[in-house]
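Taking it in order: structure first as structure tokens, then the write-up.
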Amino acid sequence: MTDSRQTHFGFQTVDEDQKAGMVHQVFSSVASRYDVMNDLMSVGIHRIWKTALMDWLAPRNGQHLLDVAGGTGDVAFRFLDRAPQGRVTVCDMTESMLVEGRKRAEAAAKADRLSWVTGDAMALPFADNSFDRYTISFGIRNVTRIPDALSEAYRVLRPGGRLMVLEFSQIPVPAMQWAYDRYSFNVIPAMGQAVTGDRDSYQYLVESIRRFPDQETFAQMIRDASFDRVQWRNLSMGIAALHSGWKL
């Protein structure tokens, strides 16, 4: 059990004021290869999961989405494809990730509906009641204090606004979780080394998945942040999960 001044960075215990910099270093290292990283981590299935996120979110024209830890724009572009008259603000703590997002062809085509902001999920640089929807995909587990990030999500959402979190999770069948762990720890870092030359970042990312709370524990954290109608759905048998909550 860590005290209030310490947290985890993968399987390491570190001071809270160190973690943000360490996470920043990981994502700065992999920014130009982030899409490759997601393909490796999920065997390409992350694209299907993001489609499931959009299906449940059901974007509508006129809505303003805040996509946190969404530097490469993947979720933002999908949202605008479904709500051409919507708007998206992409917020990421790593400037190099935002640079990669701006480079994508979709960014130029949608530039009038997109904003790119450097910011911390635990202290968002936005006014209260500013957004209709908040998404964070594969980013919440990297936050130093998850309850603070959820509280910030609640603060910046308008009444009637919705939170949606896509994150790696826990498989409820122990034997399948054991097999997935063997794959994760033995294959993914080696693949990361072979494809990108960066084993350590992939090792951290695998460890961070195992440290993230299970589906119901995380759902309770969302409720504790004052969200209502909290629900979750497993994706690919629980390898990932979608969590939804409303500010009512």
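Following the order of the structure tokens, first chain is A, next is B, and so on, with residues numbered from 1 inside each chain and ligands from 1 in the order they appear.
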**Message:** I need the helix (DSSP H, G or I) residues of region 142-245 of chain A per DSSP on the backbone, written as number ranges by chain.
**Reply:** A: 142, 146-156, 174-196, 199-211, 215-224, 236-238
**Prompt:** Do you know which residues are at most 9 Å from region 143-157 of chain A counting only C-alpha atoms, after dropping those on the same chain fewer than 2 positions away, and could you put them as a PyMOL selection string?
**Reply:** chain A and resi 7-9+16-17+19-20+23+66+120-124+126-135+139-141+159-163+221-222+224-227+246-247
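Take the candidates A:Ala179, A:Val173, A:Val68, A:Ala241 and check each one against Val88 (chain A) using only C-alpha atoms; the shortest distance goes to A:Val68.
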Selection near Ser244 (chain A), 6 Å with only C-alpha atoms, sequence-local residues under 6 positions removed, as a PDB file with N, CA, C and O atoms, in the first residue's frame:
```
ATOM      1  N   LEU A 163     -19.301  11.183 -19.655  1.00  0.00           N
ATOM      2  CA  LEU A 163     -17.931  10.670 -19.604  1.00  0.00           C
ATOM      3  C   LEU A 163     -17.882   9.297 -20.257  1.00  0.00           C
ATOM      4  O   LEU A 163     -18.761   8.460 -20.015  1.00  0.00           O
ATOM      5  N   MET A 164     -16.855   9.063 -21.060  1.00  0.00           N
ATOM      6  CA  MET A 164     -16.653   7.729 -21.634  1.00  0.00           C
ATOM      7  C   MET A 164     -15.163   7.396 -21.562  1.00  0.00           C
ATOM      8  O   MET A 164     -14.318   8.154 -22.050  1.00  0.00           O
ATOM      9  N   VAL A 230     -23.749   5.040 -13.999  1.00  0.00           N
ATOM     10  CA  VAL A 230     -22.454   4.466 -14.395  1.00  0.00           C
ATOM     11  C   VAL A 230     -22.652   3.032 -14.869  1.00  0.00           C
ATOM     12  O   VAL A 230     -23.283   2.220 -14.180  1.00  0.00           O
ATOM     13  N   GLN A 231     -22.143   2.739 -16.046  1.00  0.00           N
ATOM     14  CA  GLN A 231     -22.221   1.405 -16.633  1.00  0.00           C
ATOM     15  C   GLN A 231     -20.882   1.063 -17.267  1.00  0.00           C
ATOM     16  O   GLN A 231     -20.069   1.947 -17.576  1.00  0.00           O
TER      17      GLN A 231
END
```
**Message:** Show me, as a list in words, the residues that have an atom within 9 Å of region 168-172 of chain A when counting only C-alpha atoms, minus same-chain residues fewer than 6 positions from it.
**Reply:** Phe138, Arg141, Tyr180, Ile209, Arg210, Phe212, Pro213, Asp214, Gln215, Asn234, Ser236, Met237, Gly238, Ile239, Ala240, Ala241 and Leu242 of chain A
**Request:** Quote the spacing between CA of Gly62 (chain A) and CA of Ser96 (chain A) in Å to one decimal place.
**Result:** 29.0 Å
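Picture a line from CA of Asp55 (chain A) to CA of Arg78 (chain A); it runs 10.4 Å.
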